[in-house]
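Step one of this worksheet: look at the structure below.
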Amino acid sequence: MISSPTKRRFTGLLLVPIIILGFTLLILIGRSNPARAASALDQPQLQSTPGAIDFVPMSDDQCLECHKNTDMILPLPSGEELSLQVDRIEYRTSVHGRKGYSCVQCHTDITGFPHPAQNFQDTRDVTIYMAQACAGCHDQEAADYHAGTHSSLLAEGNKDSATCADCHGSHTIREFSNTRTRIAAACQQCHSEIYDLYKDSVHGEALIDEFNADVPACVDCHGNHNNSGPTQDGFRVDSPLICAKCHANEQLMSKYDINTHVFDTYVSDFHGTTIVIFEKTTPDQETNKPVCIDCHGVHNIKSPKDTGSTVIQQNLLATCQKCHPDADNKFSAAWLSHYQPSLEEHPTVYLVGLFYRFFIPGTLGIMALFVVTDFWRTRIYKPKKHEEEKHGGQE
Amino acid sequence: MTTTAPEKYLRFPLIRRIEHWLNGGAFIMLALTGLPQKFFASPIAISLITFLGGIERVRIIHRISAVVLALVAIWHFGYNIYLWYVERKNPSMLPTTQDGFNALKTLKYNLGFEKERPQQGYYTFEEKMEYWALIWGTLVMVVSGFFLWNPITAAHYLPGEWIPAAKAAHGGEALLAVLAIIIWHMYHVFIRTFNKSMYTGYLSREEMEHEHPLALYEAAPVKVEPAVLKQRKTRFWIGYGIVATLWLVGVVWFVTSEKTAISAVPEPDVIEPYTPLTPTPLPPQAAIPEAALRYGTTWEDNIGTIFVSKCGDCHHPNDGQGDLDLTSLAGALKGGKSGPAIVPGAPGVSIVLIWPTFEDHPGKLSPAEYGAIQAWIRSGAPEK
């Protein structure tokens, strides 16, 4: 082969930057950043009132002299009637009553009779107004509440949104430890349709029918004061972590003989990998990749052994088809059903993995042997003098 | 017989260099967009994905690069067959048993058991190893990549379990390929000697003598008759035309056969979140004694008389106690300093019934009077 003019060489050198430029362009064309600015909700803070007070302007007996009467009913402009009656025994057995809190420690605007005029339009106004009494002592819970959905809905003007007394009650509040199994009933007051789905689910049946405190009640997934739901950025993408809180807990799951690798195996699958990447890069992304609830159901979640389950083998393909409408009978076998591949379960996948577990170090080991020895021979090795002489003599 | 040996030898014509760098560029892009998906738990992977514009974008770049690689492969296959069949070039990339001996001898030399490196031809065993590893790797990646790109189509013909198996193979082979390129290719072209032939196209005479001494003595291809050449070309283009068309159709099928896996969005279950239970009714109010009801039912029918006689001494229109006048219905409804004395319909919160119960209030109501006023307010405090 005969050498060509230097012009050709120039063309060749130019080639490298051109191709690099081409691939860089490919990246740059695509580099539009979908990350959205987090929408910080400016919420008006409830006015905080002082907590426990030393000076009690009125005794509970004075209050109850009138407020024991069942006909203490205040008509409101909305047409609703508000009962102002308090049952002494119910209050005295509530958590606050037993600790000796008096009426005016919450009703701080009442210092005597007659009471200051109020401008409540309906019963919701009263419940919302009274929340500031709770915030006076329970400031951490109030701060959490302000970060939650109920608070932001309220700030948007939705008076139906729940505040303290809607879940906890008012004069009849009990300690949390006694109400664990009653949480769902608290939420039911506003979310009755969701409750009806939940009560027939594997979790709901255990909580409501068996008083089993291991299963999630509403607040375990949605949070209590700082509650959140699917309308919020990030809730969906983060939701597998909610399930994993219990389902990756060996101690808890062993009681029910449930596989604790459900989260690991989900994450190592295509769907889960994508969700983890979304969670780390663009958590507010609306994603079309399934999370746990897309296959298992949300409030109506069933045991995978239940014939009504969306993931039992005979229903699995229909579940896949929600996103993959063209999928046919063998497609659902592409999902490893949360098994870690082994010789018994999904041997093809296991054997491919096993092959590469030996093939990669084997191939690279041979390459490294050549490279290391070549480096040693060409750069480090110095022949001994007599060998060099002998060698030189032979040449 | 002896001619002056040239100073340098053309090793890679421009077309080969384009081929190499397109292939190399696609390989690098595939690695940059593929490995972060395999090692997604690593912060480096996440930074890289973010830099490239998110995972969806990363996957599109990965797929474009895969198509570039497939097109380079069609070209490469055709060009090599052309050189071998039409031009009768020596298929110098095919492995021979001599390569095995050369490898063994090289290892012995490296370890100091041999005094000389083996003399090798146009392509050394190192280069052949690199080349065939690339061919093997590309085959594995194309087949497994098809499964991952088109899982529904793949599962239609083959067991579903082959899709996660393909994912395992795709990831394993990718790791092997990238590490092999770093260990083997990078060492040989940058560290062992800096081989500039893929930039300039040329190797110097010394480089040829050192690395490919046998190639210097290879016979030049024999000149062939133009008629024979033409016949070979025709045969080549027919054969390659069919292969290349099938290949291109395959690439189009590869890219377009299904969209489901990347575009379908599940229909969310819509449920009305706010469905309150019916509120608990207020407890029934205490019954009013019959006797009280006989007292009177309207302001004019006796109720007014109770107010005037029992309250009027203090709560009169002329600067009455607490600015309250209880001698007329209008005065009672208007109220005084403490607000309205009567809330029609709500006897429980009507001050007129609360205040007389206090010990320090001089005026008192008899139970019958209290009941009568209570019943009257409950019925809306009518005047007549």
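Chain lettering (A, B, ...) mirrors the order of the structure tokens, residue numbering begins at 1 for each chain separately, and ligand numbering begins at 1 in order of display.
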Contacts of chain B with chain A up to 6 Å, shortest pair per row, only C-alpha atoms, as JSON lines:
```
{"residue": "B:Lys8", "atom": "CA", "partner": "A:Ser3", "partner_atom": "CA", "distance": 6.0}
{"residue": "B:Tyr9", "atom": "CA", "partner": "A:Met1", "partner_atom": "CA", "distance": 5.4}
{"residue": "B:Leu10", "atom": "CA", "partner": "A:Met1", "partner_atom": "CA", "distance": 5.7}
{"residue": "B:Leu52", "atom": "CA", "partner": "A:Arg31", "partner_atom": "CA", "distance": 5.9}
{"residue": "B:Gly53", "atom": "CA", "partner": "A:Arg31", "partner_atom": "CA", "distance": 4.6}
{"residue": "B:Asn110", "atom": "CA", "partner": "A:Arg377", "partner_atom": "CA", "distance": 5.1}
{"residue": "B:Ile152", "atom": "CA", "partner": "A:Ala327", "partner_atom": "CA", "distance": 5.5}
{"residue": "B:Ala155", "atom": "CA", "partner": "A:Phe331", "partner_atom": "CA", "distance": 5.1}
{"residue": "B:Gly160", "atom": "CA", "partner": "A:Ala334", "partner_atom": "CA", "distance": 4.2}
{"residue": "B:Glu161", "atom": "CA", "partner": "A:Ala334", "partner_atom": "CA", "distance": 4.6}
{"residue": "B:Ile163", "atom": "CA", "partner": "A:Ala334", "partner_atom": "CA", "distance": 5.6}
{"residue": "B:Ala165", "atom": "CA", "partner": "A:Val349", "partner_atom": "CA", "distance": 4.2}
{"residue": "B:Ala168", "atom": "CA", "partner": "A:Gly353", "partner_atom": "CA", "distance": 5.9}
{"residue": "B:Gly172", "atom": "CA", "partner": "A:Tyr356", "partner_atom": "CA", "distance": 5.8}
{"residue": "B:Leu176", "atom": "CA", "partner": "A:Ile360", "partner_atom": "CA", "distance": 5.5}
{"residue": "B:Tyr199", "atom": "CA", "partner": "A:Leu13", "partner_atom": "CA", "distance": 5.2}
{"residue": "B:Thr200", "atom": "CA", "partner": "A:Arg9", "partner_atom": "CA", "distance": 4.9}
{"residue": "B:Thr260", "atom": "CA", "partner": "A:His324", "partner_atom": "CA", "distance": 5.6}
{"residue": "B:Ala264", "atom": "CA", "partner": "A:Cys323", "partner_atom": "CA", "distance": 5.5}
{"residue": "B:Val265", "atom": "CA", "partner": "A:Asn288", "partner_atom": "CA", "distance": 5.0}
{"residue": "B:Pro266", "atom": "CA", "partner": "A:Cys323", "partner_atom": "CA", "distance": 5.1}
{"residue": "B:Pro273", "atom": "CA", "partner": "A:His191", "partner_atom": "CA", "distance": 5.8}
{"residue": "B:Tyr274", "atom": "CA", "partner": "A:His191", "partner_atom": "CA", "distance": 5.3}
{"residue": "B:Thr275", "atom": "CA", "partner": "A:His191", "partner_atom": "CA", "distance": 5.1}
{"residue": "B:Pro276", "atom": "CA", "partner": "A:Cys190", "partner_atom": "CA", "distance": 3.8}
{"residue": "B:Leu277", "atom": "CA", "partner": "A:Gln189", "partner_atom": "CA", "distance": 5.2}
{"residue": "B:Gln285", "atom": "CA", "partner": "A:Asp71", "partner_atom": "CA", "distance": 5.4}
{"residue": "B:Ser338", "atom": "CA", "partner": "A:Pro114", "partner_atom": "CA", "distance": 5.7}
{"residue": "B:Gly348", "atom": "CA", "partner": "A:Met72", "partner_atom": "CA", "distance": 3.8}
{"residue": "B:Val349", "atom": "CA", "partner": "A:Met72", "partner_atom": "CA", "distance": 5.5}
```
Given the selection you just returned, output its residues as a file containing N, CA, C and O atoms, formatted as a tab-separated table (two decimals), in the first residue's frame.
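selection13.tsv written:
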```tsv
chain	number	residue	atom	x	y	z
B	8	LYS	N	5.36	4.75	4.79
B	8	LYS	CA	4.17	4.45	5.57
B	8	LYS	C	3.16	3.68	4.74
B	8	LYS	O	3.23	3.68	3.52
B	9	TYR	N	2.28	3.00	5.43
B	9	TYR	CA	1.34	2.09	4.79
B	9	TYR	C	-0.09	2.51	5.13
B	9	TYR	O	-0.40	2.76	6.29
B	10	LEU	N	-0.96	2.57	4.11
B	10	LEU	CA	-2.38	2.89	4.36
B	10	LEU	C	-3.04	1.69	5.00
B	10	LEU	O	-3.10	0.62	4.40
B	52	LEU	N	-28.44	14.04	30.91
B	52	LEU	CA	-28.91	13.72	29.56
B	52	LEU	C	-30.38	14.09	29.35
B	52	LEU	O	-30.90	13.94	28.26
B	53	GLY	N	-31.05	14.55	30.39
B	53	GLY	CA	-32.42	15.05	30.22
B	53	GLY	C	-33.50	14.09	30.68
B	53	GLY	O	-34.62	14.15	30.18
B	110	ASN	N	5.68	-12.95	27.15
B	110	ASN	CA	5.41	-11.97	28.20
B	110	ASN	C	5.92	-12.45	29.55
B	110	ASN	O	6.36	-11.66	30.37
B	152	ILE	N	-43.97	-7.50	23.77
B	152	ILE	CA	-45.24	-8.16	23.45
B	152	ILE	C	-45.07	-9.05	22.22
B	152	ILE	O	-45.48	-10.22	22.20
B	155	ALA	N	-43.01	-12.04	23.19
B	155	ALA	CA	-43.75	-13.02	23.99
B	155	ALA	C	-44.84	-13.71	23.17
B	155	ALA	O	-45.38	-14.73	23.59
B	160	GLY	N	-42.60	-16.12	27.68
B	160	GLY	CA	-42.52	-14.80	28.32
B	160	GLY	C	-41.28	-14.65	29.17
B	160	GLY	O	-40.70	-13.57	29.27
B	161	GLU	N	-40.85	-15.76	29.76
B	161	GLU	CA	-39.70	-15.71	30.65
B	161	GLU	C	-38.42	-15.29	29.91
B	161	GLU	O	-37.44	-14.88	30.54
B	163	ILE	N	-38.03	-12.75	28.21
B	163	ILE	CA	-37.84	-11.30	28.25
B	163	ILE	C	-36.96	-10.89	29.44
B	163	ILE	O	-35.95	-10.22	29.24
B	165	ALA	N	-34.99	-12.86	30.85
B	165	ALA	CA	-33.70	-13.51	30.55
B	165	ALA	C	-32.90	-12.63	29.60
B	165	ALA	O	-31.69	-12.45	29.77
B	168	ALA	N	-31.33	-9.83	31.48
B	168	ALA	CA	-30.13	-10.28	32.17
B	168	ALA	C	-28.96	-10.37	31.20
B	168	ALA	O	-27.84	-9.91	31.49
B	172	GLY	N	-25.58	-8.10	31.25
B	172	GLY	CA	-24.32	-8.82	31.44
B	172	GLY	C	-23.37	-8.57	30.28
B	172	GLY	O	-22.20	-8.24	30.47
B	176	LEU	N	-19.70	-6.63	30.12
B	176	LEU	CA	-18.55	-7.32	29.55
B	176	LEU	C	-17.94	-6.49	28.41
B	176	LEU	O	-16.73	-6.27	28.36
B	199	TYR	N	-6.89	7.57	13.11
B	199	TYR	CA	-7.08	9.00	12.87
B	199	TYR	C	-6.49	9.38	11.51
B	199	TYR	O	-7.14	10.02	10.70
B	200	THR	N	-5.24	8.94	11.28
B	200	THR	CA	-4.54	9.35	10.06
B	200	THR	C	-4.78	8.36	8.92
B	200	THR	O	-4.67	8.72	7.76
B	260	THR	N	-46.72	-0.10	22.49
B	260	THR	CA	-47.40	-0.26	23.77
B	260	THR	C	-46.53	0.02	24.97
B	260	THR	O	-46.91	0.77	25.85
B	264	ALA	N	-48.49	3.52	26.26
B	264	ALA	CA	-49.80	3.33	26.89
B	264	ALA	C	-49.80	3.82	28.33
B	264	ALA	O	-48.87	3.57	29.07
B	265	VAL	N	-50.81	4.54	28.69
B	265	VAL	CA	-50.95	5.04	30.06
B	265	VAL	C	-52.20	4.41	30.66
B	265	VAL	O	-53.25	4.41	30.03
B	266	PRO	N	-52.08	3.82	31.83
B	266	PRO	CA	-53.26	3.17	32.41
B	266	PRO	C	-54.34	4.18	32.76
B	266	PRO	O	-54.04	5.31	33.14
B	273	PRO	N	-63.61	11.48	46.17
B	273	PRO	CA	-62.99	11.38	47.48
B	273	PRO	C	-63.92	11.83	48.63
B	273	PRO	O	-63.88	11.27	49.71
B	274	TYR	N	-64.78	12.84	48.35
B	274	TYR	CA	-65.58	13.39	49.46
B	274	TYR	C	-66.99	12.83	49.41
B	274	TYR	O	-67.82	13.27	48.61
B	275	THR	N	-67.25	11.82	50.21
B	275	THR	CA	-68.58	11.22	50.27
B	275	THR	C	-68.95	11.08	51.74
B	275	THR	O	-68.83	10.01	52.32
B	276	PRO	N	-69.39	12.21	52.36
B	276	PRO	CA	-69.58	12.19	53.81
B	276	PRO	C	-70.76	11.32	54.22
B	276	PRO	O	-71.72	11.16	53.47
B	277	LEU	N	-70.67	10.77	55.40
B	277	LEU	CA	-71.79	10.03	55.98
B	277	LEU	C	-72.87	11.02	56.40
B	277	LEU	O	-72.57	12.20	56.60
B	285	GLN	N	-85.03	17.12	72.17
B	285	GLN	CA	-85.08	18.10	73.24
B	285	GLN	C	-86.10	17.67	74.31
B	285	GLN	O	-87.06	16.96	74.03
B	338	SER	N	-75.89	42.49	76.25
B	338	SER	CA	-75.44	41.11	76.07
B	338	SER	C	-75.96	40.48	74.78
B	338	SER	O	-75.91	39.27	74.62
B	348	GLY	N	-82.72	27.42	74.15
B	348	GLY	CA	-81.52	27.07	74.92
B	348	GLY	C	-80.49	28.17	74.93
B	348	GLY	O	-79.70	28.28	75.87
B	349	VAL	N	-80.41	28.95	73.86
B	349	VAL	CA	-79.40	30.00	73.80
B	349	VAL	C	-80.03	31.38	73.93
B	349	VAL	O	-79.37	32.40	73.71
```
Got a sec: who's within 10 Å of Glu90 in chain A, counting only C-alpha atoms, leaving out chain neighbours fewer than 4 positions off, as an MDAnalysis selection string? chainID A and resid 86 94 97 171:173
Store the residues picked out above, limited to all heavy atoms, as a PDB file, in the first residue's frame.
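See out39.pdb below for the written result:
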```
ATOM      1  N   VAL A  86     -72.839  19.953  76.427  1.00  0.00           N
ATOM      2  CA  VAL A  86     -71.686  19.110  76.712  1.00  0.00           C
ATOM      3  C   VAL A  86     -72.094  18.126  77.805  1.00  0.00           C
ATOM      4  O   VAL A  86     -72.652  18.533  78.828  1.00  0.00           O
ATOM      5  CB  VAL A  86     -70.485  19.957  77.188  1.00  0.00           C
ATOM      6  CG1 VAL A  86     -69.318  19.054  77.568  1.00  0.00           C
ATOM      7  CG2 VAL A  86     -70.068  20.944  76.115  1.00  0.00           C
ATOM      8  N   SER A  94     -62.829  11.832  78.869  1.00  0.00           N
ATOM      9  CA  SER A  94     -61.972  12.019  77.687  1.00  0.00           C
ATOM     10  C   SER A  94     -60.549  12.298  78.161  1.00  0.00           C
ATOM     11  O   SER A  94     -60.315  12.562  79.346  1.00  0.00           O
ATOM     12  CB  SER A  94     -62.476  13.179  76.836  1.00  0.00           C
ATOM     13  OG  SER A  94     -62.051  14.406  77.402  1.00  0.00           O
ATOM     14  N   GLY A  97     -60.308  15.715  79.765  1.00  0.00           N
ATOM     15  CA  GLY A  97     -61.083  15.763  80.995  1.00  0.00           C
ATOM     16  C   GLY A  97     -60.365  15.046  82.132  1.00  0.00           C
ATOM     17  O   GLY A  97     -60.293  15.537  83.258  1.00  0.00           O
ATOM     18  N   HIS A 171     -65.196  17.040  72.536  1.00  0.00           N
ATOM     19  CA  HIS A 171     -65.222  16.825  73.987  1.00  0.00           C
ATOM     20  C   HIS A 171     -65.002  15.369  74.358  1.00  0.00           C
ATOM     21  O   HIS A 171     -64.928  15.044  75.531  1.00  0.00           O
ATOM     22  CB  HIS A 171     -66.547  17.329  74.554  1.00  0.00           C
ATOM     23  CG  HIS A 171     -66.746  18.785  74.315  1.00  0.00           C
ATOM     24  ND1 HIS A 171     -67.693  19.292  73.450  1.00  0.00           N
ATOM     25  CD2 HIS A 171     -66.075  19.868  74.795  1.00  0.00           C
ATOM     26  CE1 HIS A 171     -67.611  20.612  73.415  1.00  0.00           C
ATOM     27  NE2 HIS A 171     -66.637  20.992  74.211  1.00  0.00           N
ATOM     28  N   THR A 172     -64.931  14.507  73.359  1.00  0.00           N
ATOM     29  CA  THR A 172     -64.871  13.062  73.646  1.00  0.00           C
ATOM     30  C   THR A 172     -63.577  12.426  73.168  1.00  0.00           C
ATOM     31  O   THR A 172     -63.517  11.213  72.943  1.00  0.00           O
ATOM     32  CB  THR A 172     -66.041  12.362  72.949  1.00  0.00           C
ATOM     33  OG1 THR A 172     -65.967  12.671  71.561  1.00  0.00           O
ATOM     34  CG2 THR A 172     -67.369  12.829  73.490  1.00  0.00           C
ATOM     35  N   ILE A 173     -62.506  13.205  73.006  1.00  0.00           N
ATOM     36  CA  ILE A 173     -61.247  12.667  72.459  1.00  0.00           C
ATOM     37  C   ILE A 173     -60.667  11.589  73.363  1.00  0.00           C
ATOM     38  O   ILE A 173     -60.591  11.765  74.574  1.00  0.00           O
ATOM     39  CB  ILE A 173     -60.213  13.802  72.283  1.00  0.00           C
ATOM     40  CG1 ILE A 173     -60.752  14.855  71.323  1.00  0.00           C
ATOM     41  CG2 ILE A 173     -58.878  13.260  71.812  1.00  0.00           C
ATOM     42  CD1 ILE A 173     -59.877  16.073  71.195  1.00  0.00           C
TER      43      ILE A 173
END
```
What separates CA of Phe120 in chain A and CA of Leu64 in chain A is a distance of 22.0 Å
Applying 12 Å and only C-alpha atoms, which residues near Phe254 in chain B remain after dropping the ones on its own chain fewer than 6 positions away? List them as an MDAnalysis selection string. chainID B and resid 63:64 66:67 70 142:151 153:154 246:248
Write out as JSON, numbers by chain which residues come within 9 Å of range 223-236 of chain B when counting only C-alpha atoms, dropping same-chain ones fewer than 5 positions away. {"B": [78, 81, 82, 85, 86, 87, 241]}
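If you look at CA of Tyr123 in chain B and CA of Pro95 in chain B, they are 9.5 Å away from each other.
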State, in Å with one decimal place, the distance from CA of Leu104 in chain B to CA of Thr138 in chain B. 26.9 Å
